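Colleague: Here you go, run-v1.pdb (PDB, C-alpha atoms, pLDDT in the B column):
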ATOM      1  CA  MET A   1      60.792  61.102  61.318  1.00 94.00           C
ATOM      2  CA  LYS A   2      59.806  57.567  60.463  1.00 95.00           C
ATOM      3  CA  LEU A   3      56.277  56.228  60.410  1.00 97.00           C
ATOM      4  CA  TYR A   4      55.813  52.475  60.383  1.00 98.00           C
ATOM      5  CA  LEU A   5      52.535  50.706  59.611  1.00 98.00           C
ATOM      6  CA  ALA A   6      51.758  47.076  60.415  1.00 98.00           C
ATOM      7  CA  ASN A   7      48.652  45.102  59.554  1.00 98.00           C
ATOM      8  CA  ILE A   8      47.223  43.003  62.382  1.00 98.00           C
ATOM      9  CA  ALA A   9      46.142  40.313  59.895  1.00 97.00           C
ATOM     10  CA  GLU A  10      49.780  39.158  59.937  1.00 96.00           C
ATOM     11  CA  ILE A  11      49.810  38.447  63.687  1.00 97.00           C
ATOM     12  CA  THR A  12      50.016  34.730  64.504  1.00 97.00           C
ATOM     13  CA  PRO A  13      50.212  32.880  67.858  1.00 95.00           C
ATOM     14  CA  GLU A  14      54.001  32.595  67.395  1.00 96.00           C
ATOM     15  CA  HIS A  15      54.341  36.383  67.580  1.00 97.00           C
ATOM     16  CA  TRP A  16      53.242  36.375  71.222  1.00 96.00           C
ATOM     17  CA  GLU A  17      56.572  34.744  72.096  1.00 95.00           C
ATOM     18  CA  LEU A  18      58.526  37.644  70.568  1.00 95.00           C
ATOM     19  CA  ILE A  19      57.123  40.399  72.792  1.00 95.00           C
ATOM     20  CA  SER A  20      57.900  41.160  76.426  1.00 91.00           C
ATOM     21  CA  PRO A  21      56.016  39.206  79.105  1.00 93.00           C
ATOM     22  CA  GLU A  22      54.480  42.501  80.282  1.00 91.00           C
ATOM     23  CA  ARG A  23      53.186  43.282  76.790  1.00 93.00           C
ATOM     24  CA  ALA A  24      51.834  39.742  76.383  1.00 96.00           C
ATOM     25  CA  GLU A  25      49.996  40.043  79.706  1.00 96.00           C
ATOM     26  CA  LYS A  26      48.551  43.389  78.614  1.00 96.00           C
ATOM     27  CA  ALA A  27      47.374  41.813  75.338  1.00 97.00           C
ATOM     28  CA  ARG A  28      45.709  38.911  77.189  1.00 97.00           C
ATOM     29  CA  ARG A  29      43.605  41.352  79.207  1.00 97.00           C
ATOM     30  CA  TYR A  30      41.830  42.580  76.069  1.00 97.00           C
ATOM     31  CA  ARG A  31      38.477  40.933  75.516  1.00 97.00           C
ATOM     32  CA  PHE A  32      38.411  41.047  71.719  1.00 97.00           C
ATOM     33  CA  HIS A  33      40.841  39.134  69.533  1.00 96.00           C
ATOM     34  CA  ASP A  34      41.581  42.112  67.235  1.00 97.00           C
ATOM     35  CA  ASP A  35      42.455  44.284  70.261  1.00 97.00           C
ATOM     36  CA  GLN A  36      44.878  41.588  71.398  1.00 98.00           C
ATOM     37  CA  LYS A  37      46.460  41.535  67.933  1.00 98.00           C
ATOM     38  CA  ARG A  38      46.821  45.336  67.927  1.00 98.00           C
ATOM     39  CA  CYS A  39      48.619  45.135  71.263  1.00 97.00           C
ATOM     40  CA  VAL A  40      50.938  42.369  70.009  1.00 98.00           C
ATOM     41  CA  ALA A  41      51.665  44.319  66.803  1.00 98.00           C
ATOM     42  CA  GLY A  42      52.543  47.386  68.886  1.00 97.00           C
ATOM     43  CA  GLY A  43      54.910  45.266  70.967  1.00 96.00           C
ATOM     44  CA  LEU A  44      56.576  43.870  67.852  1.00 97.00           C
ATOM     45  CA  LEU A  45      57.040  47.380  66.413  1.00 98.00           C
ATOM     46  CA  MET A  46      58.573  48.603  69.671  1.00 96.00           C
ATOM     47  CA  ARG A  47      60.937  45.650  69.831  1.00 95.00           C
ATOM     48  CA  ARG A  48      62.030  46.073  66.208  1.00 96.00           C
ATOM     49  CA  PHE A  49      62.579  49.841  66.270  1.00 97.00           C
ATOM     50  CA  LEU A  50      63.441  50.537  69.923  1.00 96.00           C
ATOM     51  CA  GLY A  51      65.455  47.421  70.723  1.00 92.00           C
ATOM     52  CA  ASP A  52      65.209  45.686  74.066  1.00 87.00           C
ATOM     53  CA  THR A  53      65.044  48.904  76.062  1.00 92.00           C
ATOM     54  CA  GLU A  54      62.708  49.245  79.017  1.00 91.00           C
ATOM     55  CA  ILE A  55      59.371  50.925  78.266  1.00 91.00           C
ATOM     56  CA  PHE A  56      57.698  52.901  81.041  1.00 90.00           C
ATOM     57  CA  THR A  57      54.768  55.317  81.200  1.00 88.00           C
ATOM     58  CA  ASP A  58      54.865  58.870  82.507  1.00 86.00           C
ATOM     59  CA  GLU A  59      52.238  60.466  84.756  1.00 83.00           C
ATOM     60  CA  PHE A  60      49.956  61.123  81.767  1.00 81.00           C
ATOM     61  CA  GLY A  61      50.197  57.520  80.568  1.00 82.00           C
ATOM     62  CA  LYS A  62      52.486  58.237  77.604  1.00 86.00           C
ATOM     63  CA  PRO A  63      54.847  55.312  76.918  1.00 89.00           C
ATOM     64  CA  ARG A  64      58.520  56.236  76.886  1.00 92.00           C
ATOM     65  CA  ALA A  65      61.698  54.333  76.006  1.00 95.00           C
ATOM     66  CA  LYS A  66      64.459  54.289  78.598  1.00 95.00           C
ATOM     67  CA  ASN A  67      67.099  54.473  75.823  1.00 95.00           C
ATOM     68  CA  GLY A  68      65.857  57.978  74.911  1.00 93.00           C
ATOM     69  CA  ILE A  69      64.330  57.218  71.506  1.00 96.00           C
ATOM     70  CA  PHE A  70      61.060  59.110  71.094  1.00 96.00           C
ATOM     71  CA  PHE A  71      58.098  57.152  69.759  1.00 97.00           C
ATOM     72  CA  ASN A  72      54.340  57.031  69.721  1.00 97.00           C
ATOM     73  CA  LEU A  73      51.825  54.320  68.836  1.00 97.00           C
ATOM     74  CA  SER A  74      48.318  54.517  67.451  1.00 98.00           C
ATOM     75  CA  HIS A  75      45.908  51.984  66.000  1.00 97.00           C
ATOM     76  CA  SER A  76      42.623  51.844  64.194  1.00 97.00           C
ATOM     77  CA  GLY A  77      40.885  49.054  62.335  1.00 97.00           C
ATOM     78  CA  GLU A  78      43.448  46.643  60.923  1.00 97.00           C
ATOM     79  CA  TRP A  79      46.484  48.946  61.217  1.00 98.00           C
ATOM     80  CA  VAL A  80      48.950  49.843  63.953  1.00 98.00           C
ATOM     81  CA  ALA A  81      51.116  52.933  63.404  1.00 98.00           C
ATOM     82  CA  MET A  82      54.373  53.827  65.134  1.00 98.00           C
ATOM     83  CA  ALA A  83      56.159  57.163  64.766  1.00 98.00           C
ATOM     84  CA  VAL A  84      59.844  57.349  65.740  1.00 97.00           C
ATOM     85  CA  ASP A  85      61.923  60.518  65.926  1.00 95.00           C
ATOM     86  CA  SER A  86      64.882  62.147  67.682  1.00 92.00           C
ATOM     87  CA  ALA A  87      62.508  64.513  69.550  1.00 93.00           C
ATOM     88  CA  GLU A  88      59.016  64.312  71.012  1.00 95.00           C
ATOM     89  CA  VAL A  89      56.570  62.865  68.541  1.00 96.00           C
ATOM     90  CA  GLY A  90      52.877  62.035  68.373  1.00 96.00           C
ATOM     91  CA  CYS A  91      50.805  60.125  65.834  1.00 97.00           C
ATOM     92  CA  ASP A  92      47.215  59.168  65.232  1.00 98.00           C
ATOM     93  CA  ILE A  93      45.545  56.902  62.700  1.00 98.00           C
ATOM     94  CA  GLU A  94      41.787  56.749  62.234  1.00 98.00           C
ATOM     95  CA  ARG A  95      39.680  54.649  59.926  1.00 97.00           C
ATOM     96  CA  LEU A  96      37.086  56.787  58.178  1.00 94.00           C
ATOM     97  CA  ARG A  97      33.552  55.894  59.131  1.00 92.00           C
ATOM     98  CA  GLN A  98      30.323  57.829  58.913  1.00 90.00           C
ATOM     99  CA  ALA A  99      29.867  60.371  61.679  1.00 86.00           C
ATOM    100  CA  ASP A 100      28.093  63.647  62.316  1.00 88.00           C
ATOM    101  CA  ALA A 101      31.199  65.796  61.889  1.00 87.00           C
ATOM    102  CA  LEU A 102      29.663  68.982  63.284  1.00 87.00           C
ATOM    103  CA  LYS A 103      27.959  67.345  66.263  1.00 88.00           C
ATOM    104  CA  LEU A 104      31.084  65.423  67.292  1.00 87.00           C
ATOM    105  CA  GLY A 105      33.292  68.391  66.451  1.00 88.00           C
ATOM    106  CA  LYS A 106      31.519  70.655  68.955  1.00 91.00           C
ATOM    107  CA  VAL A 107      33.083  68.640  71.746  1.00 88.00           C
ATOM    108  CA  VAL A 108      36.751  68.965  70.669  1.00 92.00           C
ATOM    109  CA  PHE A 109      37.146  71.668  68.006  1.00 96.00           C
ATOM    110  CA  THR A 110      37.588  75.415  68.289  1.00 96.00           C
ATOM    111  CA  ASP A 111      35.146  77.763  66.560  1.00 96.00           C
ATOM    112  CA  ALA A 112      37.594  78.252  63.662  1.00 97.00           C
ATOM    113  CA  GLU A 113      38.023  74.486  63.249  1.00 97.00           C
ATOM    114  CA  LEU A 114      34.248  73.974  63.251  1.00 96.00           C
ATOM    115  CA  GLU A 115      33.881  76.722  60.660  1.00 96.00           C
ATOM    116  CA  SER A 116      36.411  74.976  58.408  1.00 96.00           C
ATOM    117  CA  ILE A 117      34.278  71.809  58.595  1.00 95.00           C
ATOM    118  CA  ARG A 118      31.087  73.755  57.829  1.00 95.00           C
ATOM    119  CA  GLU A 119      32.649  75.478  54.794  1.00 95.00           C
ATOM    120  CA  ASN A 120      34.034  72.349  53.151  1.00 94.00           C
ATOM    121  CA  PRO A 121      31.867  69.982  51.087  1.00 95.00           C
ATOM    122  CA  ASP A 122      34.056  67.107  52.371  1.00 94.00           C
ATOM    123  CA  ARG A 123      33.008  67.603  55.993  1.00 93.00           C
ATOM    124  CA  LEU A 124      33.931  64.092  57.045  1.00 94.00           C
ATOM    125  CA  GLY A 125      37.396  64.311  55.481  1.00 95.00           C
ATOM    126  CA  VAL A 126      38.100  67.654  57.176  1.00 96.00           C
ATOM    127  CA  PHE A 127      36.803  66.266  60.470  1.00 96.00           C
ATOM    128  CA  TYR A 128      39.265  63.349  60.362  1.00 96.00           C
ATOM    129  CA  ARG A 129      42.185  65.529  59.252  1.00 97.00           C
ATOM    130  CA  LEU A 130      41.579  67.908  62.155  1.00 97.00           C
ATOM    131  CA  TRP A 131      40.863  65.107  64.637  1.00 96.00           C
ATOM    132  CA  THR A 132      44.035  63.151  63.854  1.00 97.00           C
ATOM    133  CA  LYS A 133      46.193  66.301  63.882  1.00 97.00           C
ATOM    134  CA  LYS A 134      44.743  67.338  67.233  1.00 96.00           C
ATOM    135  CA  GLU A 135      45.305  63.927  68.789  1.00 95.00           C
ATOM    136  CA  ALA A 136      48.848  63.705  67.363  1.00 96.00           C
ATOM    137  CA  LEU A 137      49.612  67.173  68.776  1.00 96.00           C
ATOM    138  CA  LEU A 138      48.266  66.393  72.242  1.00 95.00           C
ATOM    139  CA  LYS A 139      50.164  63.104  72.296  1.00 94.00           C
ATOM    140  CA  CYS A 140      53.360  64.860  71.173  1.00 95.00           C
ATOM    141  CA  MET A 141      52.910  67.437  73.934  1.00 94.00           C
ATOM    142  CA  GLY A 142      52.702  64.509  76.337  1.00 88.00           C
ATOM    143  CA  LYS A 143      49.279  65.312  77.743  1.00 73.00           C
ATOM    144  CA  GLY A 144      46.911  63.397  75.473  1.00 69.00           C
ATOM    145  CA  PHE A 145      43.302  64.232  76.236  1.00 68.00           C
ATOM    146  CA  HIS A 146      44.258  65.090  79.825  1.00 76.00           C
ATOM    147  CA  ARG A 147      44.352  68.564  78.314  1.00 84.00           C
ATOM    148  CA  ALA A 148      41.224  70.170  76.883  1.00 88.00           C
ATOM    149  CA  ALA A 149      41.161  69.513  73.142  1.00 91.00           C
ATOM    150  CA  LYS A 150      39.735  72.977  72.473  1.00 92.00           C
ATOM    151  CA  SER A 151      42.842  74.556  74.030  1.00 94.00           C
ATOM    152  CA  VAL A 152      44.877  73.813  70.886  1.00 96.00           C
ATOM    153  CA  GLU A 153      44.101  74.740  67.301  1.00 96.00           C
ATOM    154  CA  VAL A 154      45.440  72.701  64.392  1.00 97.00           C
ATOM    155  CA  ILE A 155      44.031  74.332  61.245  1.00 94.00           C
ATOM    156  CA  ASN A 156      47.389  75.739  60.129  1.00 91.00           C
ATOM    157  CA  GLY A 157      49.390  72.565  60.684  1.00 92.00           C
ATOM    158  CA  SER A 158      51.503  74.082  63.436  1.00 96.00           C
ATOM    159  CA  PHE A 159      50.980  75.138  67.038  1.00 97.00           C
ATOM    160  CA  CYS A 160      53.260  77.273  69.202  1.00 96.00           C
ATOM    161  CA  GLU A 161      53.259  77.364  72.981  1.00 94.00           C
ATOM    162  CA  ASP A 162      55.916  78.619  75.409  1.00 93.00           C
ATOM    163  CA  GLY A 163      58.407  79.039  72.557  1.00 94.00           C
ATOM    164  CA  VAL A 164      57.968  75.458  71.360  1.00 95.00           C
ATOM    165  CA  ILE A 165      56.720  74.848  67.827  1.00 96.00           C
ATOM    166  CA  TYR A 166      54.795  71.687  67.058  1.00 97.00           C
ATOM    167  CA  ASN A 167      54.462  70.835  63.358  1.00 97.00           C
ATOM    168  CA  MET A 168      51.833  68.466  61.999  1.00 97.00           C
ATOM    169  CA  LYS A 169      51.398  66.608  58.709  1.00 97.00           C
ATOM    170  CA  THR A 170      48.526  64.471  57.490  1.00 97.00           C
ATOM    171  CA  LYS A 171      48.278  61.789  54.819  1.00 96.00           C
ATOM    172  CA  ALA A 172      45.447  59.673  53.530  1.00 93.00           C
ATOM    173  CA  PHE A 173      45.969  55.953  53.172  1.00 88.00           C
ATOM    174  CA  SER A 174      43.217  53.724  51.775  1.00 91.00           C
ATOM    175  CA  ASP A 175      40.224  54.591  53.990  1.00 94.00           C
ATOM    176  CA  TYR A 176      42.417  55.866  56.836  1.00 97.00           C
ATOM    177  CA  THR A 177      43.744  59.273  57.844  1.00 98.00           C
ATOM    178  CA  ILE A 178      47.161  59.443  59.503  1.00 98.00           C
ATOM    179  CA  SER A 179      48.669  62.490  61.208  1.00 98.00           C
ATOM    180  CA  VAL A 180      51.993  62.989  62.905  1.00 98.00           C
ATOM    181  CA  CYS A 181      53.316  65.818  65.055  1.00 97.00           C
ATOM    182  CA  ALA A 182      56.952  66.696  65.765  1.00 97.00           C
ATOM    183  CA  LYS A 183      58.352  69.058  68.390  1.00 96.00           C
ATOM    184  CA  ASN A 184      60.629  71.793  67.002  1.00 87.00           C
ATOM    185  CA  SER A 185      61.274  69.950  63.745  1.00 88.00           C
ATOM    186  CA  SER A 186      59.637  69.085  60.459  1.00 89.00           C
ATOM    187  CA  ALA A 187      56.802  66.597  60.583  1.00 88.00           C
ATOM    188  CA  ASP A 188      57.536  65.268  57.090  1.00 91.00           C
ATOM    189  CA  PHE A 189      57.168  61.528  56.926  1.00 93.00           C
ATOM    190  CA  ASP A 190      56.931  58.630  54.562  1.00 90.00           C
ATOM    191  CA  ILE A 191      54.954  55.512  55.385  1.00 94.00           C
ATOM    192  CA  GLU A 192      56.983  52.317  55.636  1.00 96.00           C
ATOM    193  CA  PHE A 193      55.020  49.079  55.759  1.00 97.00           C
ATOM    194  CA  VAL A 194      56.365  46.513  58.193  1.00 97.00           C
ATOM    195  CA  HIS A 195      55.873  42.785  57.740  1.00 96.00           C
ATOM    196  CA  PHE A 196      56.462  40.484  60.676  1.00 90.00           C
TER     197      PHE A 196
END
Would you mind writing the file's structure down as structure tokens?
Modeller:
Amino acid sequence: MKLYLANIAEITPEHWELISPERAEKARRYRFHDDQKRCVAGGLLMRRFLGDTEIFTDEFGKPRAKNGIFFNLSHSGEWVAMAVDSAEVGCDIERLRQADALKLGKVVFTDAELESIRENPDRLGVFYRLWTKKEALLKCMGKGFHRAAKSVEVINGSFCEDGVIYNMKTKAFSDYTISVCAKNSSADFDIEFVHF
């Protein structure tokens, strides 16, 4: 698995000409300039690592490449992440910010996950590790949050359902937490920084 990271500070007006007209139109619909830049950066990553293949979305809204390469995008703050693999993949990046880990966790975490937050002095760090793993898993499964978040548990770094094993890995980067999930394969990854 490959995980690519791009910083939106590098996006210039010239980059808009390098993405598909559909992606450029999507970016224009965003109200805030940074959201537009995240969308452009995602388009540039897709073009670089997927080629000129058609991108479509399935019934759950997950983007897919017509050429069969599996990928997933995520963004937070100044970074856009893209995971690419030979099988289903999911990724999530979150910038750490202050939050009530237990209060927010009650909405999405299982009892065991909440207990792991309660027991750890680094509650916020555990919250973000669990949150990003859970989102990466649900995205890898193809359902996103169309499926109840409490229906999957990510404490152990793997989840099995219907004979399919989903493996998750998490890394810290600056003040961000990044998790990836791979279907039936290792979720080991290195971060490669992409400059446009």
Colleague: Which neighbours of Ile155 of chain A fall inside 7 Å, counting only C-alpha atoms, when residues of the same chain fewer than 2 positions from it are skipped, and could you give them as a PyMOL selection string?
Modeller: chain A and resi 113+130+153+157
Colleague: Kindly save the residues from that selection, with C-alpha atoms included, as a PDB file, in the coordinates of the input.
Modeller:
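Contents of out09.pdb, freshly written:
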ATOM      1  CA  GLU A 113      38.023  74.486  63.249  1.00 97.00           C
ATOM      2  CA  LEU A 130      41.579  67.908  62.155  1.00 97.00           C
ATOM      3  CA  GLU A 153      44.101  74.740  67.301  1.00 96.00           C
ATOM      4  CA  GLY A 157      49.390  72.565  60.684  1.00 92.00           C
TER       5      GLY A 157
END
Colleague: Can you pull out every residue within 9 Å of Asn7 of chain A, counting all atoms listed in the file, but drop anything in the same chain fewer than 5 positions away, and send it as a list in words?
Modeller: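 Near Asn7 of chain A, the qualifying residues are Arg38, Ala41, Glu78, Trp79, Val80, Phe193, Val194 and His195 of chain A.
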Colleague: Record the distance separating atom CA of Glu135 of chain A and atom CA of Cys91 of chain A, expressed in Å with one decimal.
Modeller: 7.3 Å
Colleague: Residues near segment 86-89 of chain A, anyone? I mean within 6 Å using all atoms listed in the file, not counting same-chain ones fewer than 6 positions away, as a VMD selection string.
Modeller: chain A and resid 70 140 181 to 183
Colleague: Could you tell me which residues the PyMOL selection byres ((chain A and resi 82) around 10) returns for this structure, as a ChimeraX atom specification?
Modeller: /A:2-6,42,45-46,49,71-75,80-81,83-84,89-93,180,191-192
Colleague: Please evaluate the PyMOL selection byres ((chain A and resi 61) around 12) against the structure above and give the resulting residues as a VMD selection string.
Modeller: chain A and resid 55 to 60 62 to 64 72 139 142 to 146
Colleague: Applying 9 Å and all atoms listed in the file, which residues near Ile178 of chain A remain after dropping the ones on its own chain fewer than 2 positions away? List them as a list in words.
Modeller: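 Residues near the query, excluding close chain neighbours: Ala81, Cys91, Asp92, Ile93, Glu94, Arg95, Tyr128, Arg129, Thr132, Lys133, Lys169, Thr170, Lys171, Ala172, Phe173, Tyr176 and Val180 of chain A.
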Colleague: May I ask which of the residues A:Ile8, A:Ala101, A:Val108, A:Leu137 is the closest one to Asp122 of chain A, counting only C-alpha atoms?
Modeller: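 Among the listed residues, A:Ala101 lies closest to Asp122 of chain A.
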Colleague: Here is a test: counting only C-alpha atoms, which residue of A:Ala148, A:Ala24, A:Val107, A:Leu124 is nearest to Asp175 of chain A?
Modeller: A:Leu124
Colleague: Rounded to one decimal in Å, what is the spacing between atom CA of Lys66 of chain A and atom CA of Thr53 of chain A?
Modeller: 6.0 Å
Colleague: Separation of atom CA of Gly105 of chain A and atom CA of Ile165 of chain A, in Å?
Modeller: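 Computed distance, atom CA of Gly105 of chain A to atom CA of Ile165 of chain A, equals 24.3 Å.
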Colleague: So that I can see what lies close to Asp34 of chain A, please list as a list in words the residues with an atom at most 10 Å from it, counting all atoms listed in the file and leaving out residues fewer than 6 positions away in the same chain.
Modeller: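 Near neighbours after the sequence-gap exclusion: Ile8, Ala9, Ile11, Ala27, Val40, Gly77 and Glu78 of chain A.
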Colleague: For Asp85 of chain A, which of A:Thr12, A:Ser116, A:Asn156, A:Ser185 is the closest residue, counting all atoms listed in the file?
Modeller: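 Once distances to Asp85 of chain A are computed over all atoms listed in the file, the minimum belongs to A:Ser185.
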Colleague: With only C-alpha atoms as the atoms that count, which of A:Ile117, A:Ala136, A:Ala187, A:Ile69 lies nearest to Ala149 of chain A?
Modeller: A:Ala136
Colleague: Rank A:Ser76, A:Asn184, A:Ser20, A:Ser151 by their smallest atom-to-atom distance to Asp35 of chain A, using all atoms listed in the file, and report the top residue only.
Modeller: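 Closest to Asp35 of chain A of all the choices is A:Ser76.
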Colleague: For this structure, which residues satisfy the selection - the PyMOL selection byres ((chain A and resi 18) around 9) - when it is evaluated on the file as given? I want them as a ChimeraX atom specification.
Modeller: /A:14-17,19-20,40,43-44,47
Colleague: Tell me which of A:Glu54, A:Glu119, A:Asp162, A:Asp100 sits closest to Arg23 of chain A, counting all atoms listed in the file.
Modeller: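 That would be A:Glu54, the residue with the smallest distance to Arg23 of chain A.
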Colleague: Is it possible to add N, CA, C and O atoms to segment 44-59 of chain A and hand it back as an mmCIF file, keeping the file's coordinate frame?
Modeller:
data_model
loop_
_atom_site.group_PDB
_atom_site.id
_atom_site.type_symbol
_atom_site.label_atom_id
_atom_site.label_comp_id
_atom_site.auth_asym_id
_atom_site.auth_seq_id
_atom_site.Cartn_x
_atom_site.Cartn_y
_atom_site.Cartn_z
ATOM 1 N N LEU A 44 55.595 44.264 68.872
ATOM 2 C CA LEU A 44 56.576 43.870 67.852
ATOM 3 C C LEU A 44 57.238 45.097 67.215
ATOM 4 O O LEU A 44 58.448 45.096 66.969
ATOM 5 N N LEU A 45 56.464 46.143 66.964
ATOM 6 C CA LEU A 45 57.040 47.380 66.413
ATOM 7 C C LEU A 45 58.030 47.995 67.396
ATOM 8 O O LEU A 45 59.131 48.414 67.010
ATOM 9 N N MET A 46 57.661 48.036 68.670
ATOM 10 C CA MET A 46 58.573 48.603 69.671
ATOM 11 C C MET A 46 59.864 47.793 69.742
ATOM 12 O O MET A 46 60.950 48.363 69.796
ATOM 13 N N ARG A 47 59.735 46.480 69.750
ATOM 14 C CA ARG A 47 60.937 45.650 69.831
ATOM 15 C C ARG A 47 61.837 45.859 68.617
ATOM 16 O O ARG A 47 63.058 45.974 68.743
ATOM 17 N N ARG A 48 61.236 45.933 67.422
ATOM 18 C CA ARG A 48 62.030 46.073 66.208
ATOM 19 C C ARG A 48 62.731 47.427 66.131
ATOM 20 O O ARG A 48 63.884 47.511 65.727
ATOM 21 N N PHE A 49 62.033 48.509 66.513
ATOM 22 C CA PHE A 49 62.579 49.841 66.270
ATOM 23 C C PHE A 49 63.134 50.536 67.518
ATOM 24 O O PHE A 49 63.800 51.560 67.402
ATOM 25 N N LEU A 50 62.883 49.967 68.696
ATOM 26 C CA LEU A 50 63.441 50.537 69.923
ATOM 27 C C LEU A 50 64.464 49.612 70.570
ATOM 28 O O LEU A 50 65.156 50.014 71.498
ATOM 29 N N GLY A 51 64.540 48.384 70.112
ATOM 30 C CA GLY A 51 65.455 47.421 70.723
ATOM 31 C C GLY A 51 64.838 46.839 71.984
ATOM 32 O O GLY A 51 63.622 46.872 72.186
ATOM 33 N N ASP A 52 65.685 46.330 72.836
ATOM 34 C CA ASP A 52 65.209 45.686 74.066
ATOM 35 C C ASP A 52 65.182 46.639 75.249
ATOM 36 O O ASP A 52 65.252 46.223 76.402
ATOM 37 N N THR A 53 65.070 47.922 74.987
ATOM 38 C CA THR A 53 65.044 48.904 76.062
ATOM 39 C C THR A 53 63.790 48.770 76.914
ATOM 40 O O THR A 53 62.767 48.253 76.463
ATOM 41 N N GLU A 54 63.873 49.242 78.128
ATOM 42 C CA GLU A 54 62.708 49.245 79.017
ATOM 43 C C GLU A 54 61.722 50.320 78.566
ATOM 44 O O GLU A 54 62.111 51.428 78.202
ATOM 45 N N ILE A 55 60.445 49.982 78.590
ATOM 46 C CA ILE A 55 59.371 50.925 78.266
ATOM 47 C C ILE A 55 58.636 51.226 79.570
ATOM 48 O O ILE A 55 58.258 50.317 80.307
ATOM 49 N N PHE A 56 58.449 52.507 79.855
ATOM 50 C CA PHE A 56 57.698 52.901 81.041
ATOM 51 C C PHE A 56 56.694 53.973 80.642
ATOM 52 O O PHE A 56 56.757 54.514 79.535
ATOM 53 N N THR A 57 55.748 54.278 81.499
ATOM 54 C CA THR A 57 54.768 55.317 81.200
ATOM 55 C C THR A 57 54.940 56.473 82.168
ATOM 56 O O THR A 57 55.245 56.262 83.353
ATOM 57 N N ASP A 58 54.762 57.698 81.647
ATOM 58 C CA ASP A 58 54.865 58.870 82.507
ATOM 59 C C ASP A 58 53.541 59.113 83.225
ATOM 60 O O ASP A 58 52.609 58.310 83.111
ATOM 61 N N GLU A 59 53.437 60.221 83.948
ATOM 62 C CA GLU A 59 52.238 60.466 84.756
ATOM 63 C C GLU A 59 50.971 60.666 83.930
ATOM 64 O O GLU A 59 49.863 60.556 84.441
#
